[in-house]
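work20.cif (mmCIF, C-alpha atoms) appears below.
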data_my_file
#
loop_
_atom_site.label_atom_id
_atom_site.label_comp_id
_atom_site.auth_asym_id
_atom_site.auth_seq_id
_atom_site.Cartn_x
_atom_site.Cartn_y
_atom_site.Cartn_z
CA MET Q 3 17.11 92.38 -9.70
CA ALA Q 4 14.65 90.74 -12.10
CA LEU Q 5 16.18 92.81 -14.92
CA SER Q 6 19.67 91.63 -13.96
CA ASN Q 7 18.52 88.00 -14.00
CA ALA Q 8 16.96 88.46 -17.42
CA LEU Q 9 20.06 90.16 -18.85
CA ILE Q 10 22.37 87.47 -17.43
CA LEU Q 11 20.25 84.68 -18.89
CA ALA Q 12 20.11 86.51 -22.22
CA ALA Q 13 23.91 86.85 -22.30
CA ALA Q 14 24.38 83.17 -21.49
CA LEU Q 15 21.83 82.13 -24.10
CA LEU Q 16 23.40 84.35 -26.76
CA VAL Q 17 26.88 82.89 -26.20
CA GLY Q 18 25.43 79.38 -26.12
CA LEU Q 19 23.72 79.92 -29.47
CA VAL Q 20 26.89 81.32 -31.02
CA LEU Q 21 28.95 78.33 -29.80
CA ALA Q 22 26.31 75.91 -31.09
CA SER Q 23 26.10 77.53 -34.52
CA PRO Q 24 27.51 75.36 -37.35
CA ARG Q 25 29.99 78.08 -38.35
CA VAL Q 26 31.65 77.88 -34.91
CA ALA Q 27 31.00 74.29 -33.91
CA ASP Q 28 32.29 72.90 -37.24
CA ASN Q 29 35.40 75.11 -37.38
CA ARG Q 30 38.41 72.79 -37.23
CA LEU Q 31 40.67 75.14 -35.27
CA TRP Q 32 37.89 75.91 -32.78
CA ARG Q 33 37.27 72.18 -32.24
CA ALA Q 34 40.99 71.75 -31.57
CA THR Q 35 40.91 74.75 -29.21
CA ILE Q 36 37.86 73.73 -27.21
CA THR Q 37 39.50 70.66 -25.64
CA PRO Q 38 42.35 72.51 -23.86
CA LEU Q 39 40.17 75.57 -23.24
CA ALA Q 40 37.49 73.52 -21.51
CA SER Q 41 40.11 71.95 -19.25
CA ILE Q 42 41.80 75.23 -18.36
CA ILE Q 43 38.66 77.12 -17.34
CA GLY Q 44 36.76 74.16 -15.92
CA SER Q 45 37.07 73.45 -12.23
CA GLY Q 46 39.47 76.31 -11.62
CA PHE Q 47 36.79 78.84 -12.45
CA LEU Q 48 34.65 77.52 -9.60
CA VAL Q 49 37.28 77.73 -6.86
CA LEU Q 50 39.90 80.29 -7.90
CA GLY Q 51 37.87 83.45 -7.36
CA PRO Q 52 37.06 83.08 -3.66
CA VAL Q 53 40.51 81.58 -2.90
CA LEU Q 54 42.44 84.42 -4.53
CA GLU Q 55 40.15 87.10 -3.12
CA THR Q 56 40.39 85.88 0.50
CA SER Q 57 44.13 85.09 0.37
CA TYR Q 58 45.53 87.93 -1.74
CA GLY Q 59 42.94 90.72 -1.44
CA TYR Q 60 43.46 93.59 -3.87
CA LEU Q 61 46.51 91.79 -5.30
CA ALA Q 62 44.35 88.89 -6.55
CA PRO Q 63 44.39 90.02 -10.22
CA LEU Q 64 48.19 90.27 -10.10
CA VAL Q 65 48.48 86.74 -8.68
CA MET Q 66 46.06 85.49 -11.34
CA ALA Q 67 48.22 87.09 -14.02
CA GLY Q 68 51.26 85.35 -12.50
CA LEU Q 69 49.53 81.96 -12.60
CA CYS Q 70 48.56 82.51 -16.24
CA LEU Q 71 52.11 83.60 -17.12
CA GLY Q 72 53.51 80.46 -15.50
CA ALA Q 73 51.04 78.33 -17.44
CA TRP Q 74 51.96 80.12 -20.69
CA LEU Q 75 55.68 79.43 -20.14
CA PHE Q 76 55.08 75.75 -19.38
CA GLY Q 77 52.84 75.67 -22.44
CA ALA Q 78 55.72 77.09 -24.49
CA ALA Q 79 57.90 74.14 -23.42
CA ILE Q 80 55.19 71.66 -24.44
CA ARG Q 81 54.70 73.47 -27.76
CA ALA Q 82 58.43 73.18 -28.38
CA ASN Q 83 58.16 69.44 -27.76
CA ILE Q 84 55.25 69.13 -30.20
CA ARG Q 85 57.29 70.99 -32.84
CA GLN Q 86 60.43 68.93 -32.28
CA LEU Q 87 58.58 65.63 -32.43
CA ASP Q 88 56.97 66.70 -35.67
CA GLN Q 89 60.31 67.72 -37.20
CA THR Q 90 62.52 64.89 -35.97
CA GLY Q 91 60.06 62.06 -35.33
CA SER Q 92 61.42 59.58 -32.81
CA GLN Q 93 65.05 60.75 -33.15
CA ARG Q 94 65.53 61.48 -29.48
CA SER Q 95 68.32 60.72 -27.08
CA ALA Q 96 67.93 57.88 -24.61
CA LEU Q 97 67.71 60.41 -21.76
CA GLU Q 98 64.86 62.29 -23.48
CA THR Q 99 63.01 59.01 -24.05
CA HIS Q 100 63.39 57.99 -20.40
CA ILE Q 101 62.19 61.39 -19.18
CA GLU Q 102 59.22 61.19 -21.57
CA THR Q 103 58.25 57.80 -20.15
CA ALA Q 104 58.54 59.10 -16.58
CA SER Q 105 56.54 62.17 -17.62
CA SER Q 106 53.73 60.00 -18.98
CA TRP Q 107 53.56 57.97 -15.75
CA VAL Q 108 53.40 61.20 -13.75
CA LEU Q 109 50.60 62.46 -16.00
CA ALA Q 110 48.65 59.23 -15.50
CA PHE Q 111 49.04 59.68 -11.74
CA ALA Q 112 48.06 63.36 -11.98
CA TYR Q 113 44.90 62.37 -13.82
CA ILE Q 114 44.01 59.99 -10.98
CA ILE Q 115 44.17 62.86 -8.47
CA SER Q 116 42.38 65.26 -10.81
CA VAL Q 117 39.44 62.87 -11.13
CA ALA Q 118 39.09 62.94 -7.34
CA TYR Q 119 39.35 66.74 -7.49
CA TYR Q 120 36.63 67.04 -10.15
CA LEU Q 121 34.21 64.69 -8.42
CA ASN Q 122 34.72 66.13 -4.95
CA LEU Q 123 33.94 69.52 -6.45
CA LEU Q 124 30.89 67.96 -8.11
CA GLY Q 125 29.83 66.55 -4.75
CA ALA Q 126 30.22 69.89 -2.98
CA PHE Q 127 28.21 71.76 -5.62
CA GLY Q 128 25.68 68.94 -5.97
CA VAL Q 129 24.52 69.31 -2.37
CA SER Q 130 25.13 73.07 -2.07
CA LEU Q 131 21.53 74.11 -2.70
CA THR Q 132 19.95 71.28 -0.69
CA GLU Q 133 19.14 70.66 2.97
CA VAL Q 134 22.07 68.23 3.27
CA ASP Q 135 24.76 70.76 2.39
CA ASP Q 136 27.65 69.29 4.36
CA ARG Q 137 30.95 67.52 3.71
CA TYR Q 138 29.63 64.05 4.55
CA HIS Q 139 26.87 64.13 1.95
CA ALA Q 140 29.19 65.80 -0.59
CA ARG Q 141 31.59 62.88 -0.12
CA LEU Q 142 28.74 60.40 -0.49
CA LEU Q 143 27.73 61.96 -3.80
CA ALA Q 144 31.34 62.04 -5.04
CA SER Q 145 31.77 58.38 -4.06
CA ALA Q 146 28.57 57.38 -5.83
CA VAL Q 147 29.69 59.06 -9.05
CA LEU Q 148 33.13 57.41 -8.77
CA VAL Q 149 31.44 54.01 -8.53
CA LEU Q 150 29.15 54.93 -11.45
CA ILE Q 151 32.18 55.79 -13.59
CA LEU Q 152 33.80 52.47 -12.68
CA VAL Q 153 30.67 50.53 -13.62
CA VAL Q 154 30.27 52.36 -16.95
CA GLY Q 155 33.96 52.06 -17.80
CA TRP Q 156 34.08 48.40 -16.76
CA THR Q 157 30.98 47.31 -18.67
CA ARG Q 158 30.54 49.64 -21.64
CA GLY Q 159 33.47 52.02 -21.95
CA PHE Q 160 33.07 55.77 -22.17
CA HIS Q 161 32.13 56.21 -25.82
CA ALA Q 162 28.48 56.54 -24.84
CA LEU Q 163 29.38 59.57 -22.71
CA GLU Q 164 31.50 61.45 -25.26
CA ARG Q 165 28.51 63.48 -26.51
CA LEU Q 166 27.82 64.64 -22.94
CA GLU Q 167 31.35 66.04 -22.77
CA GLN Q 168 30.83 68.07 -25.96
CA ILE Q 169 27.52 69.47 -24.70
CA SER Q 170 28.93 70.34 -21.27
CA VAL Q 171 31.67 72.49 -22.80
CA GLY Q 172 29.12 74.75 -24.49
CA ILE Q 173 27.00 74.95 -21.33
CA LYS Q 174 30.01 75.86 -19.21
CA LEU Q 175 31.28 78.61 -21.52
CA ALA Q 176 27.79 80.08 -21.89
CA ILE Q 177 27.25 80.18 -18.11
CA ILE Q 178 30.69 81.76 -17.60
CA ALA Q 179 29.68 84.46 -20.08
CA GLY Q 180 26.50 85.08 -18.10
CA LEU Q 181 28.43 85.22 -14.84
CA ILE Q 182 30.93 87.74 -16.19
CA PHE Q 183 28.13 89.88 -17.59
CA GLY Q 184 26.41 89.81 -14.18
CA LEU Q 185 29.66 90.84 -12.49
CA ILE Q 186 30.07 93.74 -14.92
CA LEU Q 187 26.61 95.02 -13.93
CA PHE Q 188 27.43 94.48 -10.23
CA ASN Q 189 30.75 96.36 -10.52
CA ALA Q 190 29.07 99.20 -12.37
CA GLY Q 191 26.70 99.66 -9.44
CA HIS Q 192 29.55 99.72 -6.90
CA LEU Q 193 31.53 102.12 -9.09
CA ARG Q 194 28.60 104.53 -9.28
CA ALA Q 195 28.16 104.30 -5.50
CA GLY Q 196 31.89 104.84 -4.91
CA ASP Q 197 32.21 101.88 -2.51
CA LEU Q 198 34.88 99.68 -4.10
CA GLN Q 199 36.74 97.49 -1.60
CA PHE Q 200 40.55 97.24 -1.38
CA THR Q 201 41.07 94.35 1.02
CA PRO Q 202 44.68 93.89 2.19
CA PRO Q 203 46.28 90.49 1.47
CA GLU Q 204 45.90 87.82 4.13
CA LEU Q 205 49.07 86.10 2.92
CA THR Q 206 52.39 87.67 2.00
CA GLY Q 207 55.94 86.45 1.41
CA TRP Q 208 56.78 82.76 1.18
CA PRO Q 209 53.33 81.47 2.32
CA ALA Q 210 51.72 83.48 -0.49
CA ILE Q 211 54.14 81.97 -3.04
CA THR Q 212 53.68 78.37 -1.87
CA LEU Q 213 49.89 78.74 -1.97
CA ALA Q 214 50.17 79.93 -5.58
CA PHE Q 215 52.32 76.84 -6.27
CA GLY Q 216 49.48 74.74 -4.87
CA LEU Q 217 46.96 76.26 -7.28
CA ILE Q 218 48.64 75.38 -10.59
CA VAL Q 219 46.08 72.63 -11.28
CA THR Q 220 43.33 75.24 -11.51
CA ILE Q 221 44.86 76.55 -14.76
CA GLN Q 222 46.06 73.14 -16.00
CA GLY Q 223 44.67 71.57 -19.15
CA PHE Q 224 46.62 73.18 -22.00
CA GLU Q 225 48.81 70.07 -22.24
CA THR Q 226 45.89 68.12 -23.71
CA SER Q 227 46.70 69.66 -27.10
CA ARG Q 228 49.85 67.56 -27.20
CA TYR Q 229 47.83 64.35 -27.12
CA LEU Q 230 45.48 65.16 -30.02
CA LYS Q 231 47.95 63.88 -32.64
CA ALA Q 232 45.45 61.39 -34.05
CA SER Q 233 43.04 64.22 -34.91
CA TYR Q 234 45.19 67.28 -35.68
CA ASP Q 235 48.59 68.06 -37.17
CA ALA Q 236 51.35 69.69 -35.12
CA ALA Q 237 50.72 73.22 -36.43
CA THR Q 238 47.03 73.02 -35.51
CA ARG Q 239 47.77 71.66 -32.05
CA ILE Q 240 50.30 74.43 -31.39
CA ARG Q 241 47.90 77.13 -32.61
CA SER Q 242 45.00 75.65 -30.64
CA MET Q 243 47.04 75.57 -27.41
CA ARG Q 244 48.13 79.19 -27.85
CA ARG Q 245 44.58 80.30 -28.60
CA ALA Q 246 43.12 78.33 -25.66
CA GLN Q 247 45.65 79.82 -23.24
CA LEU Q 248 45.10 83.37 -24.49
CA ILE Q 249 41.30 83.06 -24.25
CA ALA Q 250 41.53 81.46 -20.79
CA THR Q 251 43.95 84.15 -19.60
CA ALA Q 252 41.60 86.91 -20.74
CA ILE Q 253 38.61 85.23 -19.07
CA TYR Q 254 40.43 84.60 -15.80
CA ILE Q 255 41.96 88.05 -15.44
CA VAL Q 256 38.65 89.78 -16.25
CA TYR Q 257 36.82 87.46 -13.84
CA ILE Q 258 39.25 87.96 -10.95
CA GLY Q 259 39.40 91.69 -11.65
CA LEU Q 260 35.61 91.88 -11.41
CA ILE Q 261 35.42 90.17 -8.00
CA ALA Q 262 38.56 91.62 -6.39
CA TYR Q 263 37.13 95.01 -5.42
CA VAL Q 264 33.43 94.51 -4.70
CA PHE Q 265 33.39 91.93 -1.86
CA THR Q 266 34.47 92.17 1.77
CA PRO Q 267 35.97 89.28 3.78
CA SER Q 268 32.74 88.93 5.78
CA GLU Q 269 30.92 88.16 2.51
CA LEU Q 270 33.31 85.32 1.67
CA PRO Q 271 32.88 82.45 4.13
CA PHE Q 272 35.55 79.79 3.58
CA SER Q 273 34.17 76.74 1.77
CA GLU Q 274 34.52 74.73 -1.42
CA THR Q 275 31.40 76.42 -2.78
CA ALA Q 276 32.12 79.98 -1.66
CA ILE Q 277 31.52 81.22 -5.19
CA ILE Q 278 27.82 80.38 -4.76
CA ASP Q 279 27.60 82.72 -1.76
CA MET Q 280 29.40 85.41 -3.77
CA MET Q 281 27.19 85.08 -6.81
CA ARG Q 282 24.00 85.01 -4.71
CA ILE Q 283 24.86 88.60 -3.81
CA VAL Q 284 25.30 89.48 -7.49
CA ALA Q 285 22.07 87.93 -8.84
CA PRO Q 286 19.73 85.18 -7.57
CA VAL Q 287 19.89 83.27 -10.86
CA LEU Q 288 23.67 82.78 -10.79
CA PRO Q 289 23.91 80.08 -8.06
CA VAL Q 290 21.53 77.83 -10.00
CA LEU Q 291 23.48 78.38 -13.22
CA LEU Q 292 26.77 77.68 -11.46
CA VAL Q 293 25.53 74.42 -9.96
CA ALA Q 294 24.30 73.32 -13.40
CA ALA Q 295 27.69 74.17 -14.90
CA ALA Q 296 29.55 72.41 -12.08
CA LEU Q 297 27.60 69.17 -12.34
CA SER Q 298 27.91 68.80 -16.10
CA ALA Q 299 31.48 70.07 -16.39
CA GLN Q 300 32.98 68.10 -13.50
CA PHE Q 301 31.36 64.85 -14.58
CA SER Q 302 32.54 65.17 -18.17
CA ALA Q 303 36.04 66.21 -17.07
CA ALA Q 304 36.24 63.23 -14.71
CA VAL Q 305 35.19 60.88 -17.52
CA ALA Q 306 37.80 62.37 -19.86
CA ASP Q 307 40.62 62.08 -17.31
CA THR Q 308 39.55 58.56 -16.32
CA GLY Q 309 39.81 57.50 -19.94
CA GLY Q 310 43.11 59.35 -20.37
CA SER Q 311 44.68 57.88 -17.26
CA GLY Q 312 43.50 54.35 -18.06
CA GLY Q 313 44.78 54.55 -21.61
CA LEU Q 314 48.17 55.81 -20.46
CA MET Q 315 48.52 53.02 -17.90
CA VAL Q 316 47.73 50.36 -20.49
CA GLU Q 317 50.15 51.88 -23.01
CA LEU Q 318 53.02 52.47 -20.57
CA SER Q 319 52.74 49.00 -19.03
CA GLY Q 320 52.85 47.37 -22.46
CA GLY Q 321 49.40 45.90 -21.86
CA ARG Q 322 50.33 44.27 -18.56
CA ILE Q 323 47.83 46.56 -16.84
CA LYS Q 324 44.40 46.04 -18.39
CA LEU Q 325 41.98 48.91 -18.90
CA ARG Q 326 39.52 47.58 -16.34
CA GLN Q 327 42.32 47.22 -13.79
CA ALA Q 328 43.42 50.81 -14.46
CA TYR Q 329 39.88 52.07 -13.88
CA ALA Q 330 39.67 50.09 -10.63
CA VAL Q 331 42.96 51.59 -9.41
CA LEU Q 332 41.79 55.07 -10.30
CA VAL Q 333 38.43 54.73 -8.57
CA GLY Q 334 40.00 53.12 -5.51
CA ALA Q 335 42.50 55.98 -5.19
CA GLY Q 336 39.68 58.48 -5.72
CA LEU Q 337 37.64 56.96 -2.91
CA VAL Q 338 40.62 57.07 -0.54
CA LEU Q 339 41.27 60.73 -1.37
CA THR Q 340 37.58 61.57 -1.04
CA TRP Q 341 37.33 60.23 2.49
CA THR Q 342 40.77 61.21 3.82
CA ALA Q 343 41.39 64.69 2.36
CA ASN Q 344 39.39 67.85 1.85
CA LEU Q 345 38.97 69.45 -1.56
CA PHE Q 346 41.74 72.00 -1.09
CA GLU Q 347 44.21 69.31 -0.05
CA ILE Q 348 43.29 67.33 -3.18
CA ILE Q 349 43.84 70.48 -5.28
CA ALA Q 350 47.33 70.87 -3.79
CA TYR Q 351 48.16 67.18 -4.42
CA ALA Q 352 46.99 67.47 -8.03
CA SER Q 353 48.91 70.72 -8.49
CA ARG Q 354 52.13 69.11 -7.32
CA ALA Q 355 51.62 66.14 -9.63
CA PHE Q 356 51.00 68.37 -12.66
CA ALA Q 357 53.93 70.62 -11.69
CA LEU Q 358 56.21 67.56 -11.79
CA TYR Q 359 54.83 66.67 -15.21
CA TYR Q 360 55.53 70.21 -16.44
CA ALA Q 361 59.04 70.04 -14.97
CA PHE Q 362 59.74 66.87 -16.98
CA GLN Q 363 58.31 68.44 -20.14
CA ALA Q 364 60.52 71.51 -19.64
CA ALA Q 365 63.54 69.23 -19.16
CA ILE Q 366 62.74 67.48 -22.46
CA ALA Q 367 62.42 70.87 -24.18
CA ALA Q 368 65.81 71.94 -22.75
CA LEU Q 369 67.47 68.75 -24.00
CA GLY Q 370 65.83 69.21 -27.39
CA ALA Q 371 67.11 72.79 -27.64
CA ARG Q 372 70.58 71.58 -26.74
CA ARG Q 373 70.46 68.85 -29.38
CA ALA Q 374 69.28 71.32 -32.02
CA GLY Q 375 72.28 73.57 -31.32
CA GLY Q 376 72.46 77.37 -31.31
CA GLN Q 377 69.62 77.70 -28.81
CA ASN Q 378 71.49 78.33 -25.58
CA LEU Q 379 69.05 81.01 -24.40
CA ARG Q 380 66.05 78.74 -25.00
CA MET Q 381 67.82 75.86 -23.31
CA ALA Q 382 68.52 78.00 -20.23
CA GLY Q 383 64.91 79.19 -20.16
CA TYR Q 384 63.51 75.67 -20.30
CA ALA Q 385 65.98 74.55 -17.64
CA GLY Q 386 64.76 77.37 -15.42
CA LEU Q 387 61.18 76.25 -16.01
CA CYS Q 388 62.16 72.73 -15.00
CA LEU Q 389 63.52 74.06 -11.70
CA LEU Q 390 60.35 76.11 -11.19
CA GLY Q 391 58.22 73.00 -11.73
CA LEU Q 392 60.30 71.05 -9.25
CA ALA Q 393 59.95 73.89 -6.70
CA MET Q 394 56.17 73.83 -7.18
CA THR Q 395 56.19 70.07 -6.67
CA ALA Q 396 58.20 70.35 -3.45
CA PHE Q 397 56.60 73.40 -1.84
CA GLY Q 398 53.00 73.73 -3.08
CA THR Q 399 50.57 74.05 -0.15
CA PRO Q 400 46.77 73.83 0.17
CA VAL Q 401 44.41 76.61 1.15
CA GLU Q 402 43.71 76.52 4.87
CA GLY Q 403 40.31 77.29 6.32
#

C-alpha cells encoding of this file:
Amino acid sequence: MALSNALILAAALLVGLVLASPRVADNRLWRATITPLASIIGSGFLVLGPVLETSYGYLAPLVMAGLCLGAWLFGAAIRANIRQLDQTGSQRSALETHIETASSWVLAFAYIISVAYYLNLLGAFGVSLTEVDDRYHARLLASAVLVLILVVGWTRGFHALERLEQISVGIKLAIIAGLIFGLILFNAGHLRAGDLQFTPPELTGWPAITLAFGLIVTIQGFETSRYLKASYDAATRIRSMRRAQLIATAIYIVYIGLIAYVFTPSELPFSETAIIDMMRIVAPVLPVLLVAAALSAQFSAAVADTGGSGGLMVELSGGRIKLRQAYAVLVGAGLVLTWTANLFEIIAYASRAFALYYAFQAAIAALGARRAGGQNLRMAGYAGLCLLGLAMTAFGTPVEG
C-alpha cells in the first residue's frame, strides 16, 4: 500500500510539473484549452463516478460515452455559432438576436445555480474528513464561502483571485492523473485475482434516461470557449473547444471504465462524497488528494461563474442592474438553494438550466444554417439538438438516495 501511495503521488507530481513547465503553460492553444477543460472535468469528476456506478452498473461506461456524445453535439452547435459570428459579424435575423438574448439570460441563471452546486460540493468535501461530517455543517461551510465571495466581489472584485483559479486548474489535473494511475493499479490487482464485478443496472428504461438528462451539468463547461473572444480568435476558440472536449471525453471514459467493474454496491454508500469512500479502498492517500482538489477547484469555479453571471446581468440589463446587485442576487439565490435542496437536486436544476441554454444555441445554429442556404442536413441536425435540449430541460431528474 505504501508503494501504491508513492507511485500515485509521483504520477500526480510528474503531471503537475509538466503542466507547470513554460513550454506547456505558455502555449497559446493550451491556455485557450485549459479554460473549457477545467470546467468540463471539474465538479463532475467528483460526483459522476459513484452516481453512474450505482445507477447503471456495468453499463456505466456506455452511459458516460452517451453523455460525452451529447456534449460533443451541443458543442458542435456552439462552434457553428462561433464560426458564423466570425464570418458574418452582427448580420443576424431579428429572431436569432432575440434567441441569443434569451440564451444569455438563461446562461446567467444557470451560472447562479452552478455556483450553489460548486459551493455545496465544496462544503460536503470540506467536512468529509472531519468529525462534523454531516449535511448541516456542509451547508454552514458552503454558506460561509458564499458570503465570503459576496464580500470580496462587493469590496474588491475578483481580480485578486484570478491567480488562484490558474493554480487550481493545474492542481486538479495533476490529482486526476494520480487518481487514474491509482485506479489502473487497483484494476490490475482485481484482474489478476479474477474478481471483476458486473453489477446489474439499478435503473433502466425511462427513469435511466431522465437521470442522464439530469446529469448534463457534470460535463458542462465547453461553452466557455465562445466567450473568450477578447483573448482568442474564432479559429483558436473552435480548436480549443474541440481539444478540451476530446481530452475530457478520454479522461471520463477511462475513469468510469476503471471504477465500473471493481466495486460492489455495498462499497458505495449513497452520499455527495461517495468517491472518497471508493478511493479510500484504492489507496489511503487518494481521499486527502481529492479533498484538496475539491476545495481549490470548487472555490475557483464558483468565483469564475459568479463573475460571469454578474457580468452577463449587467450587460443584458443595459447597466440597470449593477455588478454589486448581481452578486447579491446570486449569493441570495445560492443561500436559498443551499438550505432548501440537497446537492443532487441542485445538480438537476443546474442541468436543466444548461440544457435550455444548449437548446437555444442549437436553435440559433439551425437558423444560421438555414440563412446560409444549402445546409438542410445541418439545419435538421441542429433542430433535433434543440428538441433534445428542451426534453432534457423538461424531464431531467435528480439522483435519489

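Distance check against Q:Met281 using all atoms listed in the file: of Q:Ile366, Q:Ile349, Q:Ile151, Q:Ile178, the minimum falls on Q:Ile178.
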
Within 12 Å of Q:Leu339 using all atoms listed in the file, minus same-chain residues under 5 positions, as a PyMOL selection string: chain Q and resi 114-122+141+144-145+148+332-334+344-349+351-352

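Relative to atom CA of Q:Ala303, atom CA of Q:Leu390 is found at 26.9 Å.
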
Can you write out as a tab-separated table which residues of stretch 103-186 of chain Q fall within 10 Å of stretch 317-321 of chain Q, alongside each residue's closest atom pair and its distance in Å to one decimal, counting all atoms listed in the file and ordering rows by chain and ascending residue number?
residue	atom	partner	partner_atom	distance
Q:Thr103	CA	Q:Leu318	CA	7.5
Q:Ala104	CA	Q:Leu318	CA	9.5
Q:Ser106	CA	Q:Leu318	CA	7.7
Q:Trp107	CA	Q:Leu318	CA	7.3
Q:Ala110	CA	Q:Leu318	CA	9.5

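Using all atoms listed in the file, the shortest contact distance between Q:Leu71 and any of Q:Ala371, Q:Pro289, Q:Ile253, Q:Leu248 is found at Q:Leu248.
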
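In this model, the gap between atom CA of Q:Ala364 and atom CA of Q:Val331 comes to 28.5 Å.
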
Radius query 12 Å about (66.1, 61.1, -29.4), atoms used: all atoms listed in the file, as an MDAnalysis selection string: chainID Q and resid 83 86:87 89:102 366:367 369:374

Between atom CA of Q:Gly77 and atom CA of Q:Pro63, distance in Å (one decimal): 20.7 Å

Nearby residues (all atoms listed in the file) at most 9 Å from Q:Ile255, same-chain spacing under 6 positions excluded, as a ChimeraX atom specification: /Q:63-64,66-67,70

Target residues per the PyMOL selection byres ((chain Q and resi 218) around 9), formatted as a PyMOL selection string: chain Q and resi 69+72-73+214-217+219-222+349-350+352-354+356-357+394+398

Minimum-distance residue to Q:Met315, chosen among Q:Val293, Q:Ala328, Q:Ala385, Q:Ala79 (using only C-alpha atoms): Q:Ala328

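The closest residue to Q:Gly184, picked from Q:Val65, Q:Asn7, Q:Leu54, Q:Ser45 and counting only C-alpha atoms, is Q:Asn7.
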
Residues matched by the PyMOL selection byres ((chain Q and resi 32) around 12), written as JSON, numbers by chain: {"Q": [21, 22, 24, 25, 26, 27, 28, 29, 30, 31, 33, 34, 35, 36, 37, 38, 39, 40, 234, 238, 239, 241, 242, 243, 244, 245, 246, 249]}

Given all atoms listed in the file as the counted atoms, nearest of Q:Ser105, Q:Thr206, Q:Ser273, Q:Thr157 to Q:Val401: Q:Ser273

Matched chain/residue IDs from the PyMOL selection byres ((chain Q and resi 188) around 12), as a PyMOL selection string: chain Q and resi 3+6-7+10+181-187+189-195+197-198+260-261+263-265+280-285

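Of the listed residues Q:Ala62, Q:Ile277, Q:Ile323, Q:Ala396, the one whose atoms come nearest to Q:Glu204 is Q:Ala62, with distances taken using all atoms listed in the file.
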
Residues near Q:Ala179, cut-off 7 Å, only C-alpha atoms, skip fewer than 6 positions along chain, as a PyMOL selection string: chain Q and resi 13-14+17
